[in-house]
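**Student:** Please find upload.cif (mmCIF, C-alpha atoms and all ligand atoms) on the next line:
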```cif
data_input
loop_
_atom_site.label_atom_id
_atom_site.label_comp_id
_atom_site.auth_asym_id
_atom_site.auth_seq_id
_atom_site.Cartn_x
_atom_site.Cartn_y
_atom_site.Cartn_z
CA MET A 1474 -17.15 -30.89 60.30
CA ASN A 1475 -16.88 -29.34 56.85
CA ILE A 1476 -18.07 -31.96 54.43
CA LEU A 1477 -17.76 -30.02 51.19
CA SER A 1478 -14.43 -28.95 49.76
CA GLU A 1479 -13.54 -25.25 49.55
CA ARG A 1480 -13.55 -25.72 45.78
CA ILE A 1481 -17.22 -26.69 45.74
CA LYS A 1482 -18.22 -24.14 48.36
CA ASN A 1483 -16.72 -21.42 46.18
CA ILE A 1484 -18.94 -22.19 43.21
CA ALA A 1485 -22.18 -20.29 42.82
CA PRO A 1486 -25.33 -22.25 41.97
CA SER A 1487 -26.69 -21.52 38.53
CA GLN A 1488 -29.34 -18.76 38.42
CA THR A 1489 -30.66 -20.19 35.18
CA LEU A 1490 -31.22 -23.60 36.77
CA ALA A 1491 -32.98 -21.95 39.72
CA ILE A 1492 -35.41 -20.32 37.30
CA THR A 1493 -35.94 -23.62 35.45
CA ALA A 1494 -36.76 -25.29 38.80
CA GLN A 1495 -39.27 -22.58 39.65
CA VAL A 1496 -40.88 -22.81 36.21
CA LEU A 1497 -41.26 -26.59 36.57
CA LYS A 1498 -42.80 -26.16 40.01
CA MET A 1499 -45.30 -23.58 38.73
CA LYS A 1500 -46.17 -25.76 35.72
CA ALA A 1501 -46.78 -28.70 38.07
CA GLU A 1502 -49.19 -26.45 39.98
CA GLY A 1503 -51.15 -26.10 36.73
CA LYS A 1504 -49.96 -22.60 35.81
CA ASN A 1505 -49.74 -21.66 32.14
CA ILE A 1506 -46.12 -20.55 32.03
CA ILE A 1507 -44.47 -19.19 28.90
CA SER A 1508 -40.75 -19.84 29.18
CA PHE A 1509 -38.10 -17.78 27.42
CA GLY A 1510 -35.40 -19.42 29.48
CA ALA A 1511 -34.36 -22.20 27.09
CA GLY A 1512 -30.72 -22.40 26.04
CA GLU A 1513 -31.38 -25.00 23.37
CA PRO A 1514 -33.04 -25.32 19.98
CA ASP A 1515 -36.64 -26.52 20.22
CA PHE A 1516 -36.23 -28.58 17.01
CA ASP A 1517 -35.67 -32.33 16.88
CA THR A 1518 -32.29 -33.65 15.78
CA PRO A 1519 -32.52 -34.12 11.98
CA ASP A 1520 -33.52 -37.63 10.82
CA ASN A 1521 -30.33 -38.42 8.88
CA ILE A 1522 -28.33 -37.93 12.09
CA ARG A 1523 -30.69 -40.03 14.20
CA GLU A 1524 -30.57 -42.83 11.62
CA LYS A 1525 -26.78 -43.03 11.90
CA ALA A 1526 -27.06 -43.44 15.67
CA ILE A 1527 -29.55 -46.29 15.24
CA GLU A 1528 -27.20 -47.86 12.70
CA ALA A 1529 -24.34 -47.58 15.21
CA ILE A 1530 -26.38 -49.33 17.90
CA ARG A 1531 -27.51 -52.09 15.52
CA GLY A 1532 -23.96 -52.52 14.29
CA GLY A 1533 -22.70 -52.96 17.86
CA PHE A 1534 -20.69 -49.73 17.97
CA THR A 1535 -21.34 -49.64 21.69
CA HIS A 1536 -17.91 -50.02 23.30
CA TYR A 1537 -15.28 -47.64 24.64
CA THR A 1538 -13.56 -45.65 21.91
CA THR A 1539 -10.15 -44.00 22.03
CA ASP A 1540 -10.23 -41.44 24.87
CA SER A 1541 -9.74 -38.52 22.54
CA GLY A 1542 -12.49 -39.60 20.09
CA ILE A 1543 -12.87 -41.75 16.99
CA GLN A 1544 -10.56 -40.97 14.10
CA GLU A 1545 -13.51 -40.65 11.70
CA LEU A 1546 -15.03 -37.81 13.77
CA LYS A 1547 -11.70 -36.06 14.29
CA GLN A 1548 -11.24 -36.21 10.52
CA ALA A 1549 -14.73 -34.75 10.01
CA VAL A 1550 -13.88 -31.94 12.45
CA THR A 1551 -10.63 -31.08 10.63
CA GLU A 1552 -12.50 -30.99 7.31
CA LYS A 1553 -15.21 -28.79 8.79
CA LEU A 1554 -12.67 -26.38 10.27
CA LYS A 1555 -10.94 -26.13 6.90
CA LYS A 1556 -14.12 -25.68 4.88
CA ASP A 1557 -16.05 -23.33 7.18
CA ASN A 1558 -13.29 -21.49 9.02
CA GLY A 1559 -10.28 -21.73 6.69
CA ILE A 1560 -8.06 -23.31 9.36
CA GLU A 1561 -5.88 -26.39 8.83
CA TYR A 1562 -5.57 -28.80 11.75
CA LYS A 1563 -4.19 -32.31 11.98
CA THR A 1564 -6.37 -34.91 13.72
CA SER A 1565 -3.76 -34.99 16.52
CA GLU A 1566 -4.78 -31.40 17.20
CA VAL A 1567 -8.45 -32.30 17.84
CA LEU A 1568 -10.14 -33.65 20.97
CA ILE A 1569 -13.73 -34.91 21.07
CA SER A 1570 -15.45 -34.28 24.42
CA ASN A 1571 -18.82 -34.59 26.16
CA GLY A 1572 -20.17 -31.29 24.86
CA ALA A 1573 -18.49 -27.95 24.29
CA LYS A 1574 -18.88 -27.28 28.00
CA HIS A 1575 -16.59 -30.23 28.71
CA SER A 1576 -14.08 -29.03 26.11
CA LEU A 1577 -13.99 -25.62 27.83
CA TYR A 1578 -13.42 -27.22 31.22
CA ASN A 1579 -10.66 -29.46 29.84
CA ALA A 1580 -8.95 -26.43 28.30
CA LEU A 1581 -9.11 -24.31 31.46
CA MET A 1582 -7.86 -27.19 33.60
CA ALA A 1583 -5.03 -27.95 31.18
CA LEU A 1584 -3.85 -24.34 30.95
CA CYS A 1585 -4.39 -22.61 34.29
CA ASN A 1586 -2.22 -22.62 37.38
CA PRO A 1587 -3.52 -21.37 40.74
CA GLY A 1588 -3.65 -17.57 40.68
CA ASP A 1589 -3.55 -17.21 36.91
CA GLU A 1590 -5.89 -14.56 35.58
CA VAL A 1591 -8.42 -15.32 32.87
CA LEU A 1592 -9.85 -12.31 31.06
CA LEU A 1593 -13.58 -12.62 30.62
CA PRO A 1594 -15.54 -10.04 28.62
CA THR A 1595 -19.02 -9.58 30.10
CA PRO A 1596 -21.95 -10.15 29.66
CA CYS A 1597 -20.85 -13.78 29.58
CA TRP A 1598 -22.29 -17.26 29.73
CA VAL A 1599 -22.94 -18.51 33.27
CA SER A 1600 -20.52 -21.46 33.35
CA TYR A 1601 -17.32 -19.62 32.43
CA THR A 1602 -16.85 -17.95 35.79
CA GLU A 1603 -17.37 -21.13 37.79
CA GLN A 1604 -15.18 -23.22 35.49
CA ILE A 1605 -12.38 -20.67 35.82
CA LYS A 1606 -12.70 -20.86 39.60
CA LEU A 1607 -12.69 -24.66 39.49
CA ALA A 1608 -9.38 -24.44 37.64
CA GLN A 1609 -8.16 -22.31 40.59
CA ALA A 1610 -7.68 -19.32 38.34
CA ARG A 1611 -9.20 -15.87 38.80
CA PRO A 1612 -11.85 -14.48 36.46
CA VAL A 1613 -11.14 -10.86 35.52
CA PHE A 1614 -14.34 -9.36 34.16
CA ILE A 1615 -14.12 -6.82 31.36
CA PRO A 1616 -17.52 -5.15 30.94
CA THR A 1617 -18.42 -4.47 27.31
CA SER A 1618 -21.06 -1.92 26.37
CA GLN A 1619 -24.28 -1.98 24.41
CA LYS A 1620 -23.01 1.11 22.59
CA GLU A 1621 -20.15 -0.99 21.18
CA GLN A 1622 -22.42 -3.93 20.36
CA PHE A 1623 -21.07 -5.77 23.42
CA GLN A 1624 -17.72 -6.33 21.72
CA LEU A 1625 -14.54 -6.23 23.71
CA THR A 1626 -12.17 -3.64 22.30
CA ALA A 1627 -8.42 -4.13 22.14
CA ARG A 1628 -8.07 -0.90 24.13
CA GLN A 1629 -10.09 -2.34 27.01
CA LEU A 1630 -8.23 -5.61 26.80
CA GLU A 1631 -4.83 -3.95 27.03
CA LYS A 1632 -5.77 -2.17 30.24
CA CYS A 1633 -6.60 -5.46 31.98
CA ILE A 1634 -3.44 -7.39 31.11
CA THR A 1635 -1.08 -8.05 34.03
CA ASP A 1636 1.90 -10.36 34.47
CA LYS A 1637 -0.56 -12.97 35.78
CA THR A 1638 -2.79 -12.96 32.68
CA LYS A 1639 -2.83 -16.41 31.13
CA LEU A 1640 -5.66 -16.26 28.67
CA LEU A 1641 -8.67 -14.55 27.19
CA LEU A 1642 -11.98 -16.36 26.99
CA LEU A 1643 -13.75 -15.12 23.88
CA ASN A 1644 -17.28 -16.07 22.85
CA THR A 1645 -18.56 -15.13 19.42
CA PRO A 1646 -21.43 -15.34 18.50
CA ASN A 1647 -22.18 -14.46 22.09
CA ASN A 1648 -24.53 -15.84 24.69
CA PRO A 1649 -26.37 -13.82 26.05
CA THR A 1650 -25.95 -10.68 23.89
CA GLY A 1651 -26.03 -12.20 20.38
CA SER A 1652 -23.04 -10.04 19.51
CA VAL A 1653 -20.82 -11.23 16.62
CA TYR A 1654 -17.25 -9.89 16.60
CA ASN A 1655 -16.15 -8.06 13.48
CA LEU A 1656 -12.86 -8.61 11.68
CA ALA A 1657 -11.34 -5.22 12.47
CA GLU A 1658 -11.66 -5.65 16.25
CA LEU A 1659 -10.62 -9.30 16.15
CA GLU A 1660 -7.45 -8.32 14.30
CA LYS A 1661 -6.56 -5.74 16.93
CA ILE A 1662 -7.23 -8.26 19.71
CA THR A 1663 -5.08 -10.80 17.85
CA ASP A 1664 -2.12 -8.42 17.60
CA LEU A 1665 -2.31 -7.72 21.30
CA LEU A 1666 -2.52 -11.38 22.31
CA ILE A 1667 0.53 -12.19 20.21
CA GLN A 1668 2.47 -9.19 21.51
CA LYS A 1669 1.69 -10.01 25.16
CA ASP A 1670 2.00 -13.79 24.78
CA ILE A 1671 -1.54 -14.56 25.94
CA TYR A 1672 -3.61 -17.63 25.03
CA CYS A 1673 -7.22 -17.55 23.89
CA ILE A 1674 -10.05 -20.01 24.35
CA SER A 1675 -12.49 -19.24 21.55
CA ASP A 1676 -16.02 -20.56 22.15
CA GLU A 1677 -17.72 -20.72 18.75
CA ILE A 1678 -20.68 -22.93 19.62
CA TYR A 1679 -23.23 -20.53 18.01
CA GLU A 1680 -21.21 -20.22 14.80
CA LYS A 1681 -24.01 -21.32 12.45
CA LEU A 1682 -26.52 -18.89 13.92
CA VAL A 1683 -25.53 -15.52 12.48
CA TYR A 1684 -27.95 -13.16 10.73
CA ASP A 1685 -28.16 -10.31 8.25
CA GLU A 1686 -24.71 -9.24 7.10
CA ALA A 1687 -22.90 -10.71 10.13
CA LYS A 1688 -20.22 -13.28 9.43
CA HIS A 1689 -18.63 -15.60 11.95
CA ILE A 1690 -14.84 -15.28 12.02
CA SER A 1691 -12.73 -17.61 14.12
CA ILE A 1692 -9.83 -15.81 15.74
CA ALA A 1693 -7.71 -18.90 15.00
CA SER A 1694 -8.07 -18.17 11.28
CA LEU A 1695 -6.18 -14.87 11.56
CA GLY A 1696 -2.69 -16.26 10.93
CA SER A 1697 -0.27 -18.92 12.13
CA GLU A 1698 1.01 -16.89 15.11
CA ILE A 1699 -2.42 -16.55 16.72
CA LYS A 1700 -3.39 -20.12 15.80
CA LYS A 1701 -0.57 -21.31 18.07
CA ARG A 1702 -2.30 -19.59 20.98
CA VAL A 1703 -5.94 -20.49 20.35
CA ILE A 1704 -7.97 -23.39 21.67
CA LEU A 1705 -11.01 -23.36 19.42
CA VAL A 1706 -14.11 -24.87 21.02
CA ASN A 1707 -17.22 -25.87 19.09
CA GLY A 1708 -19.71 -28.73 18.92
CA VAL A 1709 -22.89 -30.05 17.43
CA SER A 1710 -25.36 -29.03 20.19
CA LYS A 1711 -26.70 -25.74 18.89
CA SER A 1712 -26.12 -26.05 15.11
CA TYR A 1713 -27.72 -29.47 14.70
CA ALA A 1714 -30.23 -29.44 17.60
CA MET A 1715 -28.15 -32.11 19.39
CA THR A 1716 -27.90 -30.75 22.93
CA GLY A 1717 -28.73 -34.09 24.52
CA TRP A 1718 -26.14 -36.05 22.57
CA ARG A 1719 -23.26 -34.33 24.37
CA ILE A 1720 -20.63 -33.96 21.66
CA GLY A 1721 -18.26 -31.02 21.54
CA TYR A 1722 -14.71 -30.62 20.36
CA ALA A 1723 -11.57 -28.58 20.80
CA ALA A 1724 -8.85 -27.86 18.26
CA GLY A 1725 -5.49 -26.33 19.10
CA PRO A 1726 -1.76 -26.93 19.48
CA ALA A 1727 -0.99 -30.66 19.90
CA GLU A 1728 0.70 -30.14 23.27
CA ILE A 1729 -2.39 -28.48 24.76
CA ILE A 1730 -4.80 -30.94 23.14
CA SER A 1731 -2.85 -33.91 24.48
CA GLY A 1732 -2.82 -32.33 27.96
CA MET A 1733 -6.60 -31.96 27.73
CA ALA A 1734 -6.93 -35.56 26.49
CA LYS A 1735 -4.86 -36.80 29.44
CA LEU A 1736 -7.27 -35.11 31.85
CA GLN A 1737 -10.35 -36.33 29.98
CA GLY A 1738 -8.95 -39.87 29.92
CA HIS A 1739 -9.01 -39.94 33.71
CA CYS A 1740 -12.34 -38.17 34.18
CA THR A 1741 -14.82 -39.34 31.57
CA SER A 1742 -12.82 -41.43 29.05
CA ASN A 1743 -14.33 -41.08 25.60
CA ALA A 1744 -17.50 -39.28 24.60
CA ASN A 1745 -20.48 -41.54 23.87
CA SER A 1746 -19.61 -43.90 20.98
CA ILE A 1747 -23.06 -43.73 19.36
CA ALA A 1748 -23.23 -39.95 19.57
CA GLN A 1749 -19.77 -39.74 17.98
CA LYS A 1750 -21.03 -41.73 14.97
CA ALA A 1751 -24.11 -39.50 14.74
CA SER A 1752 -21.87 -36.42 14.87
CA VAL A 1753 -19.87 -37.65 11.87
CA GLU A 1754 -23.14 -37.58 9.93
CA ALA A 1755 -24.00 -34.15 11.36
CA LEU A 1756 -20.72 -32.66 10.12
CA THR A 1757 -20.41 -34.49 6.81
CA GLY A 1758 -24.00 -35.28 5.77
CA ASP A 1759 -26.82 -33.17 4.37
CA GLN A 1760 -26.57 -29.64 5.81
CA SER A 1761 -30.00 -28.39 4.71
CA SER A 1762 -31.47 -28.76 8.23
CA ILE A 1763 -29.09 -26.02 9.43
CA THR A 1764 -30.52 -23.59 6.90
CA LYS A 1765 -34.10 -24.47 7.85
CA MET A 1766 -33.49 -23.95 11.57
CA HIS A 1767 -31.47 -20.81 10.92
CA ASP A 1768 -34.25 -19.25 8.84
CA GLU A 1769 -36.87 -20.06 11.46
CA PHE A 1770 -34.69 -18.52 14.21
CA ASP A 1771 -34.16 -15.46 12.05
CA GLN A 1772 -37.90 -14.92 11.65
CA ARG A 1773 -38.50 -15.33 15.41
CA ARG A 1774 -35.60 -12.99 16.20
CA LYS A 1775 -37.13 -10.11 14.26
CA PHE A 1776 -40.60 -10.84 15.61
CA MET A 1777 -39.44 -10.95 19.22
CA VAL A 1778 -37.30 -7.81 19.03
CA ASN A 1779 -40.07 -5.83 17.30
CA ARG A 1780 -42.54 -6.82 19.99
CA LEU A 1781 -40.08 -6.11 22.81
CA ASN A 1782 -39.55 -2.59 21.53
CA GLU A 1783 -43.30 -1.93 21.75
CA ILE A 1784 -43.12 -2.38 25.52
CA LYS A 1785 -42.77 0.69 27.70
CA GLY A 1786 -39.36 0.85 29.41
CA ILE A 1787 -37.75 -1.79 27.18
CA GLN A 1788 -35.17 -1.10 24.51
CA CYS A 1789 -33.74 -3.97 22.50
CA ASP A 1790 -31.15 -3.98 19.71
CA LEU A 1791 -31.46 -6.60 16.99
CA PRO A 1792 -28.95 -9.31 17.92
CA LYS A 1793 -26.67 -10.56 15.14
CA GLY A 1794 -26.19 -14.10 16.38
CA ALA A 1795 -27.25 -17.03 18.62
CA PHE A 1796 -30.94 -17.29 19.68
CA TYR A 1797 -31.34 -14.75 22.47
CA ALA A 1798 -32.73 -11.22 22.71
CA PHE A 1799 -31.00 -9.13 25.37
CA PRO A 1800 -33.23 -6.12 26.11
CA ASN A 1801 -32.13 -3.17 28.18
CA VAL A 1802 -34.61 -2.76 31.07
CA ALA A 1803 -32.87 0.04 32.98
CA ASN A 1804 -35.94 2.29 32.61
CA ILE A 1805 -38.18 -0.31 34.23
CA LEU A 1806 -35.68 -0.76 37.07
CA ASN A 1807 -35.80 3.01 37.63
CA ALA A 1808 -39.59 3.21 37.53
CA GLY A 1809 -40.11 2.58 41.24
CA ILE A 1810 -42.24 -0.57 40.87
CA ILE A 1811 -43.11 -2.06 44.24
CA PHE A 1812 -43.56 -5.82 44.56
CA ASN A 1813 -44.04 -7.68 47.84
CA GLY A 1814 -43.30 -4.45 49.70
CA GLU A 1815 -39.93 -3.96 48.00
CA GLU A 1816 -38.86 -1.65 45.20
CA ILE A 1817 -37.67 -3.51 42.11
CA THR A 1818 -34.15 -2.35 41.32
CA THR A 1819 -32.39 -5.50 40.07
CA SER A 1820 -32.90 -7.74 37.06
CA LEU A 1821 -33.33 -10.73 39.39
CA GLN A 1822 -36.22 -9.00 41.21
CA LEU A 1823 -37.69 -8.00 37.86
CA ALA A 1824 -37.54 -11.56 36.49
CA ASP A 1825 -39.24 -12.77 39.67
CA TYR A 1826 -41.92 -10.06 39.35
CA ILE A 1827 -42.63 -10.97 35.71
CA LEU A 1828 -42.85 -14.68 36.51
CA ASN A 1829 -45.22 -14.14 39.40
CA LYS A 1830 -47.39 -11.47 37.81
CA VAL A 1831 -47.83 -12.79 34.25
CA GLU A 1832 -46.25 -16.26 34.35
CA VAL A 1833 -43.49 -15.53 31.84
CA ALA A 1834 -40.00 -16.85 32.58
CA VAL A 1835 -36.99 -14.74 31.57
CA VAL A 1836 -33.37 -14.84 32.74
CA PRO A 1837 -32.01 -11.83 34.66
CA GLY A 1838 -28.95 -10.11 33.20
CA SER A 1839 -27.19 -10.55 36.55
CA ALA A 1840 -26.83 -14.27 35.73
CA PHE A 1841 -24.46 -13.10 32.97
CA GLU A 1842 -22.66 -10.43 35.04
CA ALA A 1843 -24.81 -7.75 33.38
CA GLU A 1844 -27.27 -5.85 35.57
CA GLY A 1845 -29.98 -3.84 33.80
CA TYR A 1846 -30.82 -6.46 31.15
CA LEU A 1847 -32.95 -9.55 30.68
CA ARG A 1848 -32.29 -12.51 28.40
CA LEU A 1849 -35.16 -14.00 26.40
CA SER A 1850 -34.55 -17.07 24.29
CA TYR A 1851 -36.40 -17.23 20.98
CA ALA A 1852 -35.80 -20.96 20.69
CA THR A 1853 -39.54 -21.36 21.07
CA SER A 1854 -42.52 -21.08 18.69
CA ILE A 1855 -43.81 -17.79 17.27
CA SER A 1856 -47.16 -18.38 18.99
CA GLU A 1857 -45.44 -18.72 22.39
CA ILE A 1858 -43.39 -15.58 21.68
CA GLU A 1859 -46.56 -13.73 20.69
CA GLU A 1860 -48.44 -14.77 23.83
CA GLY A 1861 -45.49 -14.14 26.20
CA LEU A 1862 -44.84 -10.67 24.86
CA LYS A 1863 -48.52 -9.80 24.90
CA ARG A 1864 -48.47 -10.51 28.62
CA LEU A 1865 -45.36 -8.36 29.14
CA LYS A 1866 -46.90 -5.51 27.17
CA LYS A 1867 -50.04 -5.66 29.28
CA LEU A 1868 -47.95 -5.63 32.45
CA PHE A 1869 -45.80 -2.61 31.59
CA ASN A 1870 -47.77 -0.44 29.12
C1 LIG B 1 -21.70 -19.95 25.11
C2 LIG B 1 -21.92 -21.40 25.32
N1 LIG B 1 -20.86 -22.23 25.27
C3 LIG B 1 -21.01 -23.55 25.46
C4 LIG B 1 -22.23 -24.10 25.72
C5 LIG B 1 -22.34 -25.58 25.99
O1 LIG B 1 -22.54 -26.34 24.84
P1 LIG B 1 -22.66 -27.92 24.90
O2 LIG B 1 -24.11 -28.25 24.98
O3 LIG B 1 -22.05 -28.42 23.63
O4 LIG B 1 -21.91 -28.39 26.08
C6 LIG B 1 -23.36 -23.28 25.81
C7 LIG B 1 -24.69 -23.85 26.14
O5 LIG B 1 -25.62 -23.19 26.54
C8 LIG B 1 -23.20 -21.90 25.59
O6 LIG B 1 -24.25 -21.06 25.63
#
```
Could you render the structure as structure tokens?
**Tutor:**
Amino acid sequence: MNILSERIKNIAPSQTLAITAQVLKMKAEGKNIISFGAGEPDFDTPDNIREKAIEAIRGGFTHYTTDSGIQELKQAVTEKLKKDNGIEYKTSEVLISNGAKHSLYNALMALCNPGDEVLLPTPCWVSYTEQIKLAQARPVFIPTSQKEQFQLTARQLEKCITDKTKLLLLNTPNNPTGSVYNLAELEKITDLLIQKDIYCISDEIYEKLVYDEAKHISIASLGSEIKKRVILVNGVSKSYAMTGWRIGYAAGPAEIISGMAKLQGHCTSNANSIAQKASVEALTGDQSSITKMHDEFDQRRKFMVNRLNEIKGIQCDLPKGAFYAFPNVANILNAGIIFNGEEITTSLQLADYILNKVEVAVVPGSAFEAEGYLRLSYATSISEIEEGLKRLKKLFN
């Protein structure tokens, strides 16, 4: 008998989690692994935020809240969106969820009918594809190129639109490429979405982590016509080192937000009451911790990319956002390296080779629908980066 539903059988297990499991196993065996797999800041949540959570517990703020989130946090989100992104929302247009990942799932489930097509520029974050499939929609990959800084162009987008296209899933700053969309391209994409009546889920979780001259622009800020079609997703995980607290939010047209809230009400009810209180402090309190973490990431980014480019067969552009380097390793994949009797031709084989040979964990590009690349997180100390890249250099030079 088939125990598992077709829905679950259709979902691919996460390649990133498989690597994490292998790293843990090797560490337990006493191996000195350097891991560049992390998708989260290595900093602690700032003290002022933690204090507010303790206050909430002591004050007995430990019960169910309104499904869609406490008014105080929704208010803080609307103020943040106005101040940082120049977009006006009412609190009825905001939903607080259990992480940005949950907001994305709520949005896809609220918008997609079976057979709808969701346009997904690649390389893309691992969970999008599976969430789209869970919503019974079809992911339509649009490969972007390194030459164009991994930005989807309106020209590419137009070619992929069919009468089944429901929405575009946009992620800027991007995981895994670190690409940050520029205004000119976003404006062209906006015009096309309006013209073709297509919705957009805009994942802006890495908003605070942009470097050099790059500026984060929310597509929802580009006029009232596009705002009607955008579900903006963000949260506190990456900006405030709060990944474990599980607070994300979505902002968009009231009809869509209330559809998402209806679903959430039956699945998880409200997000954690204590974490909601802490998130109010994150959004409205002292913001200096963001600058400190940002500056540290910036320093590591340059350090890691410089060192990567010293390695034979690796070419890495300086990413403009998030906390990942995304080196091109095509030359290594063409070098005819033999490992365990097999020639290494894929990023998955290469990641396995690196882990086994020099005990450094990296994520293969194939996990993000992008063969020929690796992803290395620099959410780890400079000394770890230095040691890990020394090992890679020794292996390939
Ligand atoms: C692009 C992207 N969106 C969303 C998330 C999930 O964020 P959260 O921890 O708030 O659920 C991640 C986490 O890795 C991510 O990389």
**Student:** Atom CA of A:Asn1647 to atom CA of A:Gly1542: how many Å, to one decimal?
**Tutor:**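 According to the coordinates, atom CA of A:Asn1647 and atom CA of A:Gly1542 are separated by 27.0 Å.
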**Student:** Rank nothing, just name the residue among A:Pro1486, A:Pro1800, A:Gly1721, A:Gly1732 nearest to A:Ala1744, using all atoms listed in the file.
**Tutor:** A:Gly1721
**Student:** Write out as a list in words each polymer residue whose atoms come within 6 Å of stretch 1562-1572 of chain A, counting only C-alpha atoms; drop sequence neighbours fewer than 3 positions from it.
**Tutor:**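 Result of the neighbour search: Ser1541, Gly1542, Lys1547, Gln1548, Thr1551, His1575, Ser1576, Arg1719, Ile1720, Gly1721, Tyr1722, Ala1723, Ala1724, Gly1725, Pro1726, Ala1727, Ile1730 and Ala1744 of chain A.
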**Student:** Compile the contact shell of A:Asn1483 as a list in words: residues with an atom at most 9 Å away, counting all atoms listed in the file, same-chain residues fewer than 2 positions apart removed.
**Tutor:**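 With the cut-off at 9 Å, the set is Ser1478, Glu1479, Arg1480, Ile1481, Ala1485, Glu1603, Lys1606 and Leu1607 of chain A.
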**Student:** Check every protein, DNA and RNA residue against ligand LIG 1 (chain B), keep those with an atom at most 8 Å away (counting all atoms listed in the file), and present them as an MDAnalysis selection string.
**Tutor:** chainID A and resid 1512:1513 1571:1577 1597:1598 1644 1647:1649 1676:1679 1707:1711 1715:1717 1719:1721
**Student:** My list of candidates is A:Ala1687, A:Leu1584, A:Ile1484, A:Ile1605. Which is closest to A:Ile1671 when distances are computed with only C-alpha atoms?
**Tutor:** A:Leu1584
**Student:** Could you name the residues that touch stretch 1764-1779 of chain A at 9 Å or less, counting all atoms listed in the file, but leaving out those on the same chain fewer than 6 positions away, as number ranges by chain?
**Tutor:** A: 1514, 1516, 1681-1685, 1712-1714, 1788-1792, 1795-1798, 1800, 1849, 1851-1855, 1858-1859, 1862
**Student:** Nearest residue to A:Ile1662 out of A:Leu1756, A:Ala1627, A:Ile1692, A:Leu1828, using all atoms listed in the file?
**Tutor:**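 That would be A:Ala1627, the residue with the smallest distance to A:Ile1662.
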**Student:** A:Ile1667: which residues within 12 Å, counting only C-alpha atoms, same-chain residues fewer than 2 positions away excluded, as number ranges by chain?
**Tutor:** A: 1631, 1640-1641, 1660-1665, 1669-1673, 1692-1693, 1695-1703
**Student:** So how far away is atom CA of A:Pro1616 from atom CA of A:Phe1799, in Å?
**Tutor:**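 Spanning atom CA of A:Phe1799 to atom CA of A:Pro1616 is a straight-line distance of 15.1 Å.
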**Student:** Quote the spacing between atom CA of A:Phe1534 and atom CA of A:Ile1747 in Å to one decimal place.
**Tutor:**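 According to the coordinates, atom CA of A:Phe1534 and atom CA of A:Ile1747 are separated by 6.6 Å.
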**Student:** Can you tell me, as a list in words, what residues are no more than 9 Å from A:Phe1623 when counting all atoms listed in the file, ignoring any on the same chain fewer than 6 positions away?
**Tutor:** Pro1594, Thr1595, Pro1596, Pro1616, Thr1617, Asn1647, Thr1650, Gly1651, Ser1652, Val1653 and Tyr1654 of chain A
**Student:** Pick the closest to A:Arg1848 from A:Thr1635, A:Thr1489, A:Asn1586, A:Asn1475: which is it, counting all atoms listed in the file?
**Tutor:**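 Closest to A:Arg1848 of all the choices is A:Thr1489.
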**Student:** Pick the closest to A:Ile1560 from A:Asn1804, A:Ser1694, A:Gln1737, A:Thr1819: which is it, counting all atoms listed in the file?
**Tutor:** A:Ser1694
**Student:** Nearest to A:Ala1824: which of A:Phe1841, A:Leu1581, A:Leu1847, A:Ala1511 is it, counting all atoms listed in the file?
**Tutor:**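 The closest residue to A:Ala1824 is A:Leu1847.
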